[in-house]
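Novice: Below is entry.cif; it holds mmCIF, C-alpha atoms.
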```
data_structure
loop_
_atom_site.label_atom_id
_atom_site.label_comp_id
_atom_site.auth_asym_id
_atom_site.auth_seq_id
_atom_site.Cartn_x
_atom_site.Cartn_y
_atom_site.Cartn_z
CA MET X 1 8.76 229.47 24.61
CA GLY X 2 9.47 226.54 22.36
CA ARG X 3 8.38 222.93 22.58
CA PHE X 4 11.01 220.33 21.77
CA LEU X 5 11.31 216.57 21.53
CA TYR X 6 14.43 214.66 22.59
CA LEU X 7 15.03 211.02 21.66
CA LEU X 8 16.70 209.18 24.52
CA ASN X 9 19.16 206.33 23.97
CA THR X 10 21.42 206.61 27.01
CA VAL X 11 21.10 205.38 30.59
CA GLY X 12 20.49 208.87 31.93
CA THR X 13 19.00 212.07 30.51
CA PRO X 14 21.57 214.86 29.93
CA LYS X 15 21.30 217.61 32.54
CA PHE X 16 20.16 220.43 30.27
CA ILE X 17 17.70 218.22 28.41
CA ALA X 18 16.06 217.30 31.73
CA ASP X 19 16.24 220.92 32.92
CA PRO X 20 16.16 223.13 29.81
CA PRO X 21 17.18 226.79 29.93
CA ARG X 22 14.93 229.86 29.61
CA GLY X 23 11.60 228.14 30.17
CA HIS X 24 11.64 225.98 27.07
CA THR X 25 9.92 222.59 27.24
CA ILE X 26 11.69 219.40 26.22
CA THR X 27 9.75 216.12 26.16
CA VAL X 28 11.94 213.04 26.42
CA VAL X 29 10.90 209.90 24.52
CA ASP X 30 12.76 206.62 24.34
CA GLN X 31 14.16 206.35 20.82
CA TYR X 32 12.58 202.98 20.08
CA GLU X 33 9.19 204.08 21.44
CA PHE X 34 9.02 207.17 19.23
CA GLU X 35 5.82 207.59 17.23
CA ARG X 36 5.04 210.10 14.51
CA SER X 37 2.42 211.74 16.72
CA ASP X 38 5.14 212.64 19.25
CA LEU X 39 6.07 215.44 16.82
CA ASP X 40 2.60 217.00 16.85
CA GLY X 41 2.86 220.58 18.10
CA VAL X 42 6.62 220.33 18.48
CA ASP X 43 8.87 223.19 17.29
CA GLY X 44 12.11 221.31 17.27
CA LEU X 45 13.58 217.81 17.36
CA LEU X 46 16.88 217.27 19.20
CA LEU X 47 18.95 214.43 17.75
CA SER X 48 21.92 213.38 19.86
CA GLN X 49 25.21 211.85 18.77
CA HIS X 50 24.22 208.75 20.80
CA LEU X 51 21.28 207.52 18.71
CA ASP X 52 20.71 204.29 16.77
CA GLU X 53 21.24 205.45 13.19
CA THR X 54 19.76 202.26 11.73
CA HIS X 55 16.51 203.07 13.52
CA LEU X 56 16.70 206.73 12.45
CA GLY X 57 17.12 205.53 8.87
CA GLU X 58 13.78 203.73 9.21
CA LEU X 59 12.28 207.11 10.21
CA ARG X 60 13.73 208.93 7.21
CA VAL X 61 10.35 209.80 5.70
CA THR X 62 8.94 210.99 9.02
CA LEU X 63 11.98 213.18 9.72
CA ALA X 64 11.89 214.71 6.25
CA ALA X 65 8.15 215.37 6.64
CA PHE X 66 8.78 217.15 9.94
CA LEU X 67 11.17 219.53 8.14
CA ASP X 68 8.72 219.94 5.27
CA ASP X 69 6.07 220.93 7.79
CA GLY X 70 8.29 223.73 9.09
CA GLY X 71 9.93 221.97 12.03
CA THR X 72 13.48 222.54 13.20
CA VAL X 73 16.02 219.75 13.72
CA SER X 74 19.24 219.91 15.74
CA LEU X 75 21.53 217.27 14.29
CA ASN X 76 24.59 216.40 16.35
CA GLY X 77 27.68 214.28 15.98
CA PRO X 78 29.92 212.72 13.36
CA ILE X 79 27.10 210.75 11.78
CA SER X 80 28.08 207.47 10.16
CA LYS X 81 24.89 206.53 8.29
CA PRO X 82 23.06 209.66 7.12
CA PHE X 83 19.31 209.63 7.68
CA LEU X 84 18.56 213.16 6.48
CA ASP X 85 19.43 214.86 3.19
CA PRO X 86 21.24 217.16 3.69
CA PRO X 87 23.76 216.61 5.14
CA GLY X 88 25.74 214.21 3.02
CA ALA X 89 28.69 212.20 4.26
CA TYR X 90 30.76 213.18 7.29
CA HIS X 91 34.44 213.89 6.67
CA GLY X 92 36.87 213.50 9.54
CA LEU X 93 39.49 216.22 9.73
CA PRO X 94 42.67 214.53 10.94
CA THR X 95 44.97 216.82 12.84
CA GLN X 96 48.52 217.46 11.77
CA ALA X 97 48.57 219.96 14.61
CA ALA X 98 46.07 220.94 17.28
CA ARG X 99 45.34 224.17 15.44
CA ASP X 100 43.63 222.18 12.66
CA TRP X 101 40.60 221.85 14.96
CA LEU X 102 40.47 225.51 15.96
CA ILE X 103 37.12 227.12 15.18
CA GLU X 104 36.42 230.62 13.88
CA MET X 105 33.08 232.40 13.73
CA ASP X 106 31.49 233.03 10.34
CA THR X 107 28.03 234.53 9.69
CA LEU X 108 26.50 236.48 12.57
CA HIS X 109 23.43 234.59 13.73
CA PRO X 110 21.07 234.61 16.74
CA ILE X 111 22.33 231.15 17.75
CA THR X 112 25.93 232.34 18.08
CA ARG X 113 25.32 235.83 19.47
CA GLY X 114 28.03 236.58 22.02
CA VAL X 115 29.74 233.22 21.52
CA ARG X 116 33.51 233.45 21.10
CA ALA X 117 35.40 231.06 18.85
CA GLU X 118 38.04 230.28 21.47
CA ASP X 119 35.36 228.99 23.85
CA LEU X 120 34.09 226.60 21.19
CA SER X 121 37.61 225.51 20.22
CA MET X 122 38.81 224.82 23.74
CA ARG X 123 37.33 223.50 26.97
CA MET X 124 39.69 223.71 29.95
CA GLY X 125 42.48 224.09 27.39
CA VAL X 126 41.53 220.91 25.46
CA ILE X 127 40.85 221.16 21.72
CA GLY X 128 38.48 218.91 19.80
CA PHE X 129 35.20 218.60 21.68
CA TRP X 130 33.32 221.03 19.49
CA ALA X 131 34.15 219.48 16.13
CA ARG X 132 36.73 217.22 14.52
CA GLY X 133 35.25 216.96 11.07
CA TYR X 134 32.59 218.41 8.85
CA PHE X 135 29.64 217.96 6.54
CA GLU X 136 29.80 219.98 3.34
CA ALA X 137 27.26 222.79 3.58
CA PRO X 138 24.70 223.16 0.77
CA SER X 139 25.16 226.33 -1.27
CA ASN X 140 22.08 227.90 0.34
CA ALA X 141 23.16 227.08 3.91
CA VAL X 142 24.25 229.75 6.39
CA VAL X 143 27.61 228.83 7.89
CA LEU X 144 27.89 229.84 11.55
CA THR X 145 31.38 228.51 12.31
CA ARG X 146 34.31 227.15 10.33
CA PHE X 147 37.63 225.43 10.92
CA ALA X 148 40.13 228.29 10.94
CA VAL X 149 42.95 226.52 9.07
CA SER X 150 41.10 224.50 6.41
CA GLY X 151 38.09 226.80 6.04
CA LYS X 152 35.77 223.77 6.14
CA PRO X 153 32.33 224.46 7.61
CA ALA X 154 31.62 223.28 11.14
CA ASP X 155 28.14 224.51 12.23
CA TRP X 156 25.61 225.50 9.62
CA VAL X 157 21.91 226.17 9.25
CA TRP X 158 19.90 225.08 6.24
CA ARG X 159 16.34 226.08 5.39
CA SER X 160 14.34 223.27 3.83
CA PRO X 161 12.08 224.02 0.83
CA GLY X 162 9.07 223.41 3.09
CA GLY X 163 10.13 226.06 5.59
CA GLY X 164 11.87 223.85 8.11
CA ALA X 165 15.36 224.42 9.45
CA LEU X 166 18.28 222.16 10.18
CA LEU X 167 21.20 223.02 12.46
CA VAL X 168 24.09 220.71 11.66
CA HIS X 169 26.71 220.42 14.40
CA PRO X 170 29.37 217.77 13.64
CA GLY X 171 30.75 217.35 17.18
CA ASN X 172 29.65 216.57 20.72
CA ASP X 173 26.02 217.39 21.55
CA ILE X 174 25.43 221.14 21.84
CA TRP X 175 23.51 220.78 25.14
CA GLY X 176 26.72 219.42 26.67
CA TYR X 177 28.10 222.98 26.72
CA ALA X 178 25.09 224.57 28.42
CA GLY X 179 26.80 224.42 31.82
CA ASP X 180 30.17 225.74 30.67
CA ASP X 181 31.44 228.82 32.42
CA THR X 182 32.34 230.44 29.09
CA THR X 183 30.62 232.13 26.15
CA ALA X 184 29.88 228.63 24.76
CA ARG X 185 27.17 228.35 27.41
CA PRO X 186 24.35 230.27 25.61
CA PHE X 187 24.74 228.43 22.29
CA PHE X 188 22.13 225.79 23.19
CA ALA X 189 19.74 228.25 24.85
CA GLN X 190 19.95 230.58 21.85
CA PHE X 191 19.25 227.65 19.52
CA LEU X 192 16.12 226.87 21.54
CA ASP X 193 15.11 230.57 21.48
CA TRP X 194 15.64 230.76 17.73
CA ALA X 195 13.87 227.51 16.91
CA GLY X 196 11.00 228.30 19.26
CA ALA X 197 10.45 231.71 17.66
CA ARG X 198 10.57 230.58 14.05
CA MET A 1 41.59 183.98 13.62
CA THR A 2 38.38 183.89 15.59
CA LYS A 3 36.25 186.95 14.97
CA ILE A 4 34.36 188.94 17.53
CA ALA A 5 30.57 188.97 17.32
CA ALA A 6 29.10 192.21 18.56
CA ILE A 7 25.88 193.79 19.60
CA ASP A 8 25.14 196.55 17.07
CA ALA A 9 23.39 199.45 18.75
CA GLY A 10 23.59 201.58 15.61
CA LEU A 11 25.75 204.25 17.23
CA ALA A 12 27.93 206.15 14.76
CA TYR A 13 31.18 205.47 16.58
CA GLN A 14 30.42 201.77 16.85
CA THR A 15 29.64 201.56 13.14
CA ARG A 16 32.80 203.42 12.19
CA THR A 17 34.99 201.19 14.38
CA MET A 18 33.41 197.90 13.29
CA GLU A 19 32.97 198.62 9.58
CA GLU A 20 36.04 200.64 8.64
CA PRO A 21 39.79 200.01 8.62
CA PRO A 22 41.86 199.26 10.60
CA PHE A 23 39.56 197.23 12.88
CA ALA A 24 36.74 195.92 10.64
CA GLY A 25 38.56 192.61 10.12
CA PHE A 26 38.36 191.72 13.79
CA PHE A 27 34.57 191.78 13.82
CA GLY A 28 32.26 189.08 12.49
CA GLN A 29 28.53 188.70 13.10
CA ARG A 30 26.71 191.79 14.29
CA ILE A 31 23.47 191.43 16.22
CA GLY A 32 21.17 194.43 16.16
CA LEU A 33 20.21 195.45 19.68
CA ARG A 34 16.54 195.13 18.80
CA ASP A 35 17.18 191.60 17.45
CA LEU A 36 18.80 190.33 20.64
CA PRO A 37 15.61 188.69 22.01
CA ARG A 38 15.52 186.38 18.98
CA ALA A 39 19.28 185.82 18.68
CA ASP A 40 20.84 182.42 19.31
CA LEU A 41 24.13 183.18 21.04
CA HIS A 42 25.20 179.61 21.73
CA ASP A 43 27.63 179.15 18.84
CA LEU A 44 29.38 182.47 19.28
CA PRO A 45 32.81 182.11 20.92
CA CYS A 46 32.90 185.80 21.78
CA LEU A 47 30.25 188.49 22.05
CA MET A 48 31.15 192.13 22.58
CA ILE A 49 28.89 194.83 23.94
CA PRO A 50 30.58 197.92 22.46
CA CYS A 51 31.16 201.21 24.25
CA ARG A 52 28.09 203.26 25.20
CA THR A 53 25.53 200.63 24.26
CA ASN A 54 22.55 201.56 26.41
CA GLY A 55 22.81 199.27 29.44
CA ALA A 56 19.26 200.07 30.49
CA ARG A 57 18.02 198.33 27.33
CA LEU A 58 20.16 195.27 28.15
CA SER A 59 18.70 194.88 31.63
CA SER A 60 15.90 192.72 30.25
CA HIS A 61 18.57 190.43 28.71
CA LYS A 62 20.34 189.67 31.97
CA ASP A 63 19.40 185.97 31.96
CA GLN A 64 20.24 185.54 28.28
CA LEU A 65 23.71 187.04 28.74
CA SER A 66 24.32 185.12 31.97
CA GLU A 67 23.44 181.84 30.27
CA TYR A 68 25.68 182.71 27.34
CA ILE A 69 28.67 183.00 29.66
CA ALA A 70 27.74 179.99 31.81
CA THR A 71 27.57 177.73 28.74
CA GLY A 72 31.03 178.68 27.48
CA GLY A 73 30.81 182.09 25.83
CA THR A 74 33.20 184.98 26.34
CA LEU A 75 31.29 188.20 26.94
CA VAL A 76 33.30 191.40 26.49
CA VAL A 77 31.63 194.46 28.01
CA MET A 78 33.14 197.82 27.08
CA GLY A 79 32.94 201.16 28.85
CA GLU A 80 30.05 203.55 29.49
CA THR A 81 27.53 200.71 29.26
CA HIS A 82 26.61 200.60 32.99
CA PRO A 83 27.32 196.84 33.24
CA ASN A 84 25.72 196.62 36.69
CA LEU A 85 22.35 196.98 34.93
CA PHE A 86 22.72 193.76 32.96
CA ILE A 87 25.40 191.63 34.66
CA ASP A 88 24.85 190.02 38.07
CA GLY A 89 27.61 189.88 40.63
CA LEU A 90 29.34 193.14 39.87
CA ASP A 91 28.91 196.78 40.70
CA PHE A 92 29.91 199.91 38.84
CA ALA A 93 30.77 203.17 40.56
CA PRO A 94 30.76 206.12 38.14
CA GLU A 95 33.50 208.74 38.41
CA PRO A 96 33.34 212.31 37.11
CA THR A 97 35.62 212.67 34.10
CA ASN A 98 38.64 214.94 34.30
CA PHE A 99 39.38 215.48 30.60
CA TRP A 100 42.05 218.11 31.17
CA TRP A 101 44.20 216.07 33.61
CA TRP A 102 47.10 215.94 31.19
CA LEU A 103 47.45 219.75 31.25
CA GLN A 104 47.87 219.79 35.03
CA GLU A 105 51.25 219.96 36.72
CA GLY A 106 52.82 216.55 37.27
CA ALA A 107 50.12 215.00 35.10
CA ASP A 108 49.40 211.34 35.93
CA LEU A 109 45.88 209.99 35.56
CA GLY A 110 46.84 207.07 37.81
CA VAL A 111 46.03 204.22 35.43
CA ARG A 112 48.27 201.16 35.80
CA ILE A 113 48.52 197.77 34.10
CA SER A 114 48.38 195.39 37.04
CA ALA A 115 48.77 192.12 35.10
CA PRO A 116 51.32 192.89 32.34
CA ASP A 117 51.86 189.18 31.61
CA HIS A 118 48.19 188.48 30.90
CA PRO A 119 47.65 187.51 27.22
CA LEU A 120 45.12 190.36 26.77
CA MET A 121 47.82 192.85 27.76
CA ASP A 122 50.28 191.63 25.12
CA GLY A 123 52.24 194.65 23.89
CA MET A 124 50.05 197.05 25.87
CA GLY A 125 51.83 200.04 27.41
CA GLN A 126 50.60 202.32 30.15
CA ALA A 127 49.98 205.12 27.64
CA ASP A 128 47.67 202.80 25.67
CA VAL A 129 45.25 202.45 28.61
CA THR A 130 45.38 206.09 29.70
CA TRP A 131 42.81 208.63 28.52
CA HIS A 132 39.72 209.12 30.71
CA ILE A 133 38.28 207.51 33.83
CA HIS A 134 34.51 206.92 33.79
CA GLY A 135 34.14 204.57 36.74
CA THR A 136 35.41 201.55 38.65
CA LEU A 137 34.29 197.95 39.12
CA THR A 138 33.76 195.66 42.10
CA PHE A 139 32.93 191.95 42.01
CA GLU A 140 31.14 189.63 44.40
CA GLU A 141 33.37 186.71 43.36
CA PRO A 142 37.13 186.83 42.66
CA ALA A 143 38.15 188.40 39.36
CA GLU A 144 41.56 189.00 37.84
CA THR A 145 42.25 192.68 37.45
CA LEU A 146 44.35 193.68 34.45
CA VAL A 147 44.16 197.47 34.71
CA THR A 148 43.56 199.69 37.73
CA TRP A 149 43.02 203.34 38.50
CA ASN A 150 44.40 204.89 41.67
CA ASP A 151 41.36 206.64 43.13
CA THR A 152 41.39 209.91 45.06
CA ASP A 153 42.39 207.96 48.20
CA GLY A 154 45.24 206.33 46.31
CA LYS A 155 43.56 202.92 46.28
CA ALA A 156 43.94 200.85 43.11
CA GLN A 157 40.45 200.21 41.73
CA PRO A 158 39.68 197.76 38.87
CA ILE A 159 38.84 199.28 35.49
CA LEU A 160 39.56 196.19 33.32
CA SER A 161 38.96 192.73 34.74
CA VAL A 162 38.53 189.12 33.68
CA GLN A 163 36.31 186.69 35.56
CA ARG A 164 35.74 183.00 34.90
CA ARG A 165 32.05 182.14 35.19
CA GLY A 166 30.77 178.60 34.66
CA ARG A 167 32.32 177.33 31.45
CA GLY A 168 32.77 180.84 30.08
CA CYS A 169 34.35 184.15 30.80
CA LEU A 170 33.41 187.77 31.45
CA ILE A 171 35.80 190.50 30.34
CA VAL A 172 34.61 193.91 31.50
CA THR A 173 36.10 197.38 31.38
CA THR A 174 35.07 200.94 32.10
CA LEU A 175 37.40 202.18 29.34
CA ASP A 176 35.57 203.47 26.24
CA PRO A 177 38.01 203.19 23.30
CA ILE A 178 35.40 202.44 20.63
CA TYR A 179 33.56 205.68 21.41
CA HIS A 180 36.69 207.80 21.09
CA HIS A 181 38.28 205.97 18.17
CA GLY A 182 35.02 205.99 16.22
CA SER A 183 34.43 209.64 17.05
CA GLY A 184 37.86 210.63 15.77
CA PHE A 185 39.65 211.76 18.88
CA MET A 186 42.04 210.50 21.55
CA PRO A 187 44.83 208.57 19.75
CA ALA A 188 45.51 206.41 22.84
CA THR A 189 42.16 204.71 22.25
CA THR A 190 43.21 203.63 18.76
CA ALA A 191 46.47 202.30 20.23
CA PHE A 192 44.47 200.38 22.85
CA LEU A 193 42.32 198.72 20.19
CA GLN A 194 45.42 197.91 18.12
CA ARG A 195 46.65 195.78 21.04
CA PHE A 196 43.39 194.59 22.60
CA LEU A 197 41.46 193.33 19.57
CA PRO A 198 44.24 191.06 18.17
CA ALA A 199 45.00 189.76 21.68
CA LEU A 200 41.32 189.00 22.21
CA CYS A 201 40.91 187.19 18.89
CA THR A 202 44.12 185.21 19.39
CA ASN A 203 43.20 184.01 22.84
CA LEU A 204 39.60 182.96 22.33
#
```
In structure tokens, write the structure found in this file.

Specialist:
Amino acid sequence: MGRFLYLLNTVGTPKFIADPPRGHTITVVDQYEFERSDLDGVDGLLLSQHLDETHLGELRVTLAAFLDDGGTVSLNGPISKPFLDPPGAYHGLPTQAARDWLIEMDTLHPITRGVRAEDLSMRMGVIGFWARGYFEAPSNAVVLTRFAVSGKPADWVWRSPGGGALLVHPGNDIWGYAGDDTTARPFFAQFLDWAGAR
Amino acid sequence: MTKIAAIDAGLAYQTRTMEEPPFAGFFGQRIGLRDLPRADLHDLPCLMIPCRTNGARLSSHKDQLSEYIATGGTLVVMGETHPNLFIDGLDFAPEPTNFWWWLQEGADLGVRISAPDHPLMDGMGQADVTWHIHGTLTFEEPAETLVTWNDTDGKAQPILSVQRRGRGCLIVTTLDPIYHHGSGFMPATTAFLQRFLPALCTNL
């Protein structure tokens, strides 16, 4: 089982952070009270779309060092002020039609095993929750999902030179799907499995 | 035009809304959330707490914000901030969000503009205030309600209200347009800001 750290910057803790799947452990720390030692013995760091990016920018060296030490980071949301490298800048993908935000699966990966593209593209028939824009993937990244029309990468995994791993997800937090009654449900659990076993 | 000062919680969607076109020009001074204890608010005509700023962090600033309003400031509190945690005299009742309502037969979220002649509603149409419901407001003292939501019992509940307090004013809503606009989805939220921000700046 993996040990994870979640930085909290909302009034409540998301359901599947407070009650993680498959026996994984997630420690919740207030974002502004985070200390470098909170990462000791941690397999993965979960970074929500609702974090203070100015503060994360102040932690740039610490976050990079965590990757260099072999840690895994789950990076979520259409980031405005990058605090890790990669990814670079976020690019919004305006829709001419709803199909512009449809997702298709790319490389087979343990994180996406059994996950169907239509369940990422649509929730209760609504398109856009999963991703509405992208970060360019480095040439050595593994692309898990793409936008079907434009071919732009949506979710991708990058291995850092130091042996760490970064899962970039440009939309709403991946743990927000862990209660869905679709094949999107295991995405978060399978990320935790994968990061915990690395 | 008077500009809006805002708490800057460093959230991506806040940054994108306040720093990029078409709305950057409406915003002036930004006060980092961590700098609020040392901030002098007295000369600011208007202070906004943008969508999804962590209301739990603001609870220790209750007196500072209350004094700001009482001495003549206009405090604008946007949605998903849990205003009951940092503003006295109001309560917030969260509502589960139906995000697929518009795909249901006879779709009507039940949002209504209840004070169409109010200056803050200038040019605002019903579609511009209609996307998601996150909760409703109640007040201990009288407040003017500009937008309501018909709850499951059909009762019109405040979701955007204005309340005079001391020499100042509290404007509070449970709508979260800055989150959606800055996150790149829900065009109604951009339309809301296109009406609300100029009306706010014009009427300060």

Novice: Under the PyMOL selection byres ((chain X and resi 166) around 8), which residues of this model are included? Write them out as a PyMOL selection string.

Specialist: chain X and resi 67+72-75+157-160+164-165+167-168

Novice: Starting from the displayed file, determine the output of the PyMOL selection byres ((chain X) within 12 of (chain A)) and express the residue list as number ranges by chain.

Specialist: X: 8-13, 30-33, 48-58, 76-83, 90-95, 98, 101, 122-134, 170-172

Novice: Could you check the closest approach to Leu192 (chain X) for each of X:His169, X:Arg22, X:Arg99, X:Arg146 and tell me which residue wins, using all atoms listed in the file?

Specialist: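 With all atoms listed in the file as the atom set, the closest residue is X:Arg22.
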
Novice: For the atom pair CA of Gly71 (chain X) and CA of Gly44 (chain X), what is the interatomic distance in Å to one decimal place?

Specialist: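 Those two atoms sit 5.7 Å apart.
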
Novice: Could you tell me, as a ChimeraX atom specification, exactly which residues end up selected when the PyMOL selection byres ((chain A and resi 92) around 6) is applied to this structure?

Specialist: /A:84,91,93,136-137

Novice: Grab the CA of Thr145 (chain A) to CA of Ile49 (chain A) distance for me, in Å with one decimal place.

Specialist: 19.1 Å

Novice: Rank X:Thr62, X:Leu47, X:Gly41, X:His24 by their smallest atom-to-atom distance to Asp173 (chain X), using all atoms listed in the file, and report the top residue only.

Specialist: X:Leu47

Novice: CA of Glu140 (chain A) to CA of Leu120 (chain A): how many Å, to one decimal?

Specialist: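 Rounded to one decimal, the two atoms are 22.5 Å apart.
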
Novice: Would you please work out which residue, of A:Asp43, A:Asp35, A:Asp128, A:Asp151, is nearest to Ala191 (chain A) when using all atoms listed in the file?

Specialist: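 Residue with the minimum atom-to-atom distance to Ala191 (chain A): A:Asp128.
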
Novice: Give the answer as one residue: which of A:Ala188, A:Ala24, A:Val111, A:Leu41 has the shortest atom-to-atom distance to Val147 (chain A), using only C-alpha atoms?

Specialist: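 Between A:Ala188, A:Ala24, A:Val111, A:Leu41, the residue approaching Val147 (chain A) most closely is A:Val111.
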
Novice: Listed atoms of region 139-152 of chain A, axis-aligned box, 3 Å per side: centre and edge lengths to one decimal in Å, as AutoDock Vina command-line options?

Specialist:
```
--center_x 37.8 --center_y 198.3 --center_z 39.8 --size_x 19.3 --size_y 29.2 --size_z 16.6
```

Novice: With all atoms listed in the file as the counted atoms, please give the residues lying no more than 12 Å from Gly89 (chain A), apart from itself and same-chain residues fewer than 3 positions off, as a list in words.

Specialist: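 The neighbour list is Lys62, Ser66, Pro83, Asn84, Leu85, Phe86, Phe92, Leu137, Thr138, Phe139, Glu140, Glu141, Pro142, Ala143, Gln163, Arg165 and Leu170 of chain A.
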
Novice: Could you tell me which of X:Ala97, X:Leu5, X:Ser121, X:Pro14 comes closest to Phe34 (chain X) if we count all atoms listed in the file?

Specialist: X:Leu5

Novice: Restricting the calculation to all atoms listed in the file: of X:Lys15, X:Gly70, X:Phe4, X:Val28, which residue gets closest to Gly162 (chain X)?

Specialist: X:Gly70

Novice: Write out as number ranges by chain the residues lying within 10 Å of Ala197 (chain X), counting all atoms listed in the file and excluding same-chain residues fewer than 4 positions away.

Specialist: X: 1-2, 43, 191-193
